[in-house]
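Some notes on the structure that comes next.
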Amino acid sequence: MTKTVQTLPAEAGGTDITRFNALRHGVLSRYTILPWESADEYQAVVEALVAEHRPQGPTEEHLVEEIAGILWRKRRLRLAEAAAHRRGLEGTLASYRETVKMALVHLDTSGQSERVVDAIRATVADTQEDMTDMAADEAMTRDALQLLGSKRNDAYEAALAALREDTQVWWADTLANDPEELGAGKEPATADVEGLRRFLEAEVLPWFENRQKELANRPLIREQAFGDALDPNKLERLGRYEVHLDRKLERMLTMLLRLKDLRRSVVEG
């Protein structure tokens with residue numbers, strides 16, 4: 001709205017400028033602008049309308065100011081709509097498990113742990129980067145498995161060194177687990193070839209498979225979150241108010257144009 005502001009025509013005389021100043025400080029404007037809104041932005045709207053319609057007389061000036069107020073309120077509607085979406089989106093983040101469940105209800109999503117906030121904030125480039133990084137990590141893990149299956153005397157050490165650092169940390173944490181706290185049927189981790197092989201095959205490789213699904217499902221989660229954020233009742237009220245403003249705008253414009261036509265016919269007659 002403020003980027004298409006027109007200035008008063010260069011040929012405007014002193015009387016036109018005086019008239020504009022009177023309209024700038026009109027009765028309506030002081031009540032149209034809320035304390036936290038920009039008076040300069042509102043005056044830019046008024047200035048553009050004055051440059052377009054060149055009002056003459058208090059009636060035309062009043063109609064131009066009415067039109068400015070309508071456009072200003074329509075701007076508030078856009079802000080209100082955006083605020084309603086953000087408030088609704090905050091609710092979808094708070095209940096992210098339900099949002100993910102609804103987004104992926106038609107899929108097998110066991111083990112899905114992707115957060116809604118991650119799916120919302122991630123761009124296409126971010127997701128592609130995550131997939132590339134995961135593929136490199138998986139390739140390193142499979143190289144480590146090949147080393148574990150080799151006949152090298154240092155197969156365990158070589159395989160451990162071939163893993164990415166975060167996988168090494170995961171393995172170290174697994175070794176540090178208290179055997180008494182393990183679930184039923186789980187064997188304690190052992191720092192040897194067989195222990196590392198079990199860890200990579202039972203924990204790490206399945207993680208890659210699940211993570212790949214999560215990244216592929218990001219668009220679905222994103223769409224579900226934004227869809228859930230919509231509040232139809234609030235948007236309907238905003239829509240009704242906008243229809244009211246549109247009708248009022250149409251009436252004000254019609255009245256203004258009729259007055260201008262009437263004035264023009266009087267001058268020409």
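Residue numbers start at 1 in each chain; chains themselves are named A, B, ... in the order of the structure tokens; ligands are numbered from 1 in the order shown.
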Residue neighbourhood Leu230 of chain A, 10 Å, only C-alpha atoms, exclusion window fewer than 5 positions, as a list in words: Glu81, Ala84, His85, Arg86, Arg87, Gly88, Leu89, Ala225 and Leu235 of chain A
Export of prior selection with all heavy atoms as a PDB file, in the first residue's frame:
```
ATOM      1  N   GLU A  81      -5.570 -11.480   9.992  1.00  0.00           N
ATOM      2  CA  GLU A  81      -5.570 -12.813   9.395  1.00  0.00           C
ATOM      3  C   GLU A  81      -4.243 -13.516   9.644  1.00  0.00           C
ATOM      4  O   GLU A  81      -4.201 -14.692  10.014  1.00  0.00           O
ATOM      5  CB  GLU A  81      -5.829 -12.700   7.894  1.00  0.00           C
ATOM      6  CG  GLU A  81      -5.960 -14.034   7.196  1.00  0.00           C
ATOM      7  CD  GLU A  81      -6.267 -13.885   5.723  1.00  0.00           C
ATOM      8  OE1 GLU A  81      -6.314 -12.734   5.241  1.00  0.00           O
ATOM      9  OE2 GLU A  81      -6.466 -14.917   5.046  1.00  0.00           O
ATOM     10  N   ALA A  84      -4.039 -14.560  13.246  1.00  0.00           N
ATOM     11  CA  ALA A  84      -4.870 -15.743  13.506  1.00  0.00           C
ATOM     12  C   ALA A  84      -4.166 -17.011  13.054  1.00  0.00           C
ATOM     13  O   ALA A  84      -4.202 -18.040  13.734  1.00  0.00           O
ATOM     14  CB  ALA A  84      -6.219 -15.597  12.791  1.00  0.00           C
ATOM     15  N   HIS A  85      -3.496 -16.942  11.910  1.00  0.00           N
ATOM     16  CA  HIS A  85      -2.744 -18.102  11.430  1.00  0.00           C
ATOM     17  C   HIS A  85      -1.600 -18.452  12.386  1.00  0.00           C
ATOM     18  O   HIS A  85      -1.369 -19.622  12.693  1.00  0.00           O
ATOM     19  CB  HIS A  85      -2.178 -17.830  10.042  1.00  0.00           C
ATOM     20  CG  HIS A  85      -3.213 -17.831   8.962  1.00  0.00           C
ATOM     21  ND1 HIS A  85      -4.261 -18.723   8.939  1.00  0.00           N
ATOM     22  CD2 HIS A  85      -3.366 -17.054   7.857  1.00  0.00           C
ATOM     23  CE1 HIS A  85      -5.008 -18.498   7.884  1.00  0.00           C
ATOM     24  NE2 HIS A  85      -4.493 -17.481   7.207  1.00  0.00           N
ATOM     25  N   ARG A  86      -0.880 -17.434  12.848  1.00  0.00           N
ATOM     26  CA  ARG A  86       0.243 -17.699  13.761  1.00  0.00           C
ATOM     27  C   ARG A  86      -0.239 -18.297  15.077  1.00  0.00           C
ATOM     28  O   ARG A  86       0.397 -19.198  15.621  1.00  0.00           O
ATOM     29  CB  ARG A  86       1.032 -16.408  14.009  1.00  0.00           C
ATOM     30  CG  ARG A  86       1.909 -15.978  12.845  1.00  0.00           C
ATOM     31  CD  ARG A  86       2.881 -14.903  13.272  1.00  0.00           C
ATOM     32  NE  ARG A  86       2.209 -13.667  13.603  1.00  0.00           N
ATOM     33  CZ  ARG A  86       1.968 -12.685  12.731  1.00  0.00           C
ATOM     34  NH1 ARG A  86       2.346 -12.812  11.474  1.00  0.00           N
ATOM     35  NH2 ARG A  86       1.365 -11.578  13.128  1.00  0.00           N
ATOM     36  N   ARG A  87      -1.361 -17.775  15.596  1.00  0.00           N
ATOM     37  CA  ARG A  87      -1.892 -18.322  16.848  1.00  0.00           C
ATOM     38  C   ARG A  87      -2.319 -19.776  16.658  1.00  0.00           C
ATOM     39  O   ARG A  87      -2.075 -20.633  17.512  1.00  0.00           O
ATOM     40  CB  ARG A  87      -3.070 -17.482  17.337  1.00  0.00           C
ATOM     41  CG  ARG A  87      -3.645 -17.941  18.673  1.00  0.00           C
ATOM     42  CD  ARG A  87      -4.706 -16.981  19.167  1.00  0.00           C
ATOM     43  NE  ARG A  87      -4.148 -15.681  19.455  1.00  0.00           N
ATOM     44  CZ  ARG A  87      -3.542 -15.373  20.607  1.00  0.00           C
ATOM     45  NH1 ARG A  87      -3.419 -16.291  21.560  1.00  0.00           N
ATOM     46  NH2 ARG A  87      -3.074 -14.175  20.805  1.00  0.00           N
ATOM     47  N   GLY A  88      -2.955 -20.054  15.538  1.00  0.00           N
ATOM     48  CA  GLY A  88      -3.358 -21.428  15.267  1.00  0.00           C
ATOM     49  C   GLY A  88      -2.170 -22.338  15.065  1.00  0.00           C
ATOM     50  O   GLY A  88      -2.173 -23.492  15.508  1.00  0.00           O
ATOM     51  N   LEU A  89      -1.122 -21.814  14.428  1.00  0.00           N
ATOM     52  CA  LEU A  89       0.072 -22.621  14.194  1.00  0.00           C
ATOM     53  C   LEU A  89       0.762 -22.960  15.512  1.00  0.00           C
ATOM     54  O   LEU A  89       1.295 -24.058  15.682  1.00  0.00           O
ATOM     55  CB  LEU A  89       1.026 -21.853  13.278  1.00  0.00           C
ATOM     56  CG  LEU A  89       2.220 -22.632  12.725  1.00  0.00           C
ATOM     57  CD1 LEU A  89       1.767 -23.857  11.948  1.00  0.00           C
ATOM     58  CD2 LEU A  89       3.069 -21.726  11.841  1.00  0.00           C
ATOM     59  N   ALA A 225       0.144 -29.063   9.395  1.00  0.00           N
ATOM     60  CA  ALA A 225       0.294 -28.030  10.422  1.00  0.00           C
ATOM     61  C   ALA A 225      -0.341 -26.721   9.979  1.00  0.00           C
ATOM     62  O   ALA A 225      -1.085 -26.081  10.735  1.00  0.00           O
ATOM     63  CB  ALA A 225       1.770 -27.823  10.746  1.00  0.00           C
ATOM     64  N   LEU A 235     -11.780 -16.665  10.730  1.00  0.00           N
ATOM     65  CA  LEU A 235     -11.608 -16.170   9.367  1.00  0.00           C
ATOM     66  C   LEU A 235     -12.951 -15.769   8.760  1.00  0.00           C
ATOM     67  O   LEU A 235     -13.026 -14.825   7.964  1.00  0.00           O
ATOM     68  CB  LEU A 235     -10.934 -17.236   8.503  1.00  0.00           C
ATOM     69  CG  LEU A 235      -9.482 -17.566   8.870  1.00  0.00           C
ATOM     70  CD1 LEU A 235      -8.924 -18.628   7.937  1.00  0.00           C
ATOM     71  CD2 LEU A 235      -8.609 -16.322   8.833  1.00  0.00           C
TER      72      LEU A 235
END
```
Contact residues around Asp192 of chain A with only C-alpha atoms at 12 Å, ignoring same-chain residues under 3 positions, as a PyMOL selection string: chain A and resi 148+153-160+171+175+188-189+195-199
Distance query Ala162 of chain A at most 12 Å, only C-alpha atoms, self and fewer than 3 positions along chain excluded, as a list in words: Ala136, Asp137, Glu138, Ala139, Met140, Thr141, Arg142, Asp143, Ala144, Leu145, Gln146, Leu147, Leu148, Ala155, Tyr156, Glu157, Ala158, Ala159, Glu165, Asp166, Thr167 and Gln168 of chain A
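Atom to atom, atom CA of Asn217 of chain A and atom CA of Ala119 of chain A stand 8.5 Å apart.
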A:Val169, A:Leu256, A:Val243, A:Ile120 ranked by distance to Arg222 of chain A, top pick (using only C-alpha atoms):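 Of the candidates, the smallest distance to Arg222 of chain A is held by A:Ile120.
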Those of segment 29-246 of chain A in DSSP alpha helix (DSSP H), formatted as an NGL selection string: :A and (29-32 or 39-53 or 57-94 or 96-103 or 116-121 or 124-148 or 155-162 or 165-175 or 193-199 or 205-229 or 232-246)
Gap from atom CA of Leu71 of chain A to atom CA of Ala83 of chain A - Å, one decimal: 18.7 Å
One-decimal distance in Å that lies between atom CA of Pro232 of chain A and atom CA of Leu249 of chain A: 25.0 Å
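Residue nearest Ala125 of chain A, chosen from A:Leu34, A:Leu259, A:Leu215, A:Ala229 and counting only C-alpha atoms: A:Leu215.
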Non-local contacts of Glu242 of chain A (12 Å; only C-alpha atoms; under 6 positions in same chain excluded) as a ChimeraX atom specification: /A:70-78,80-81,235-236,248-249
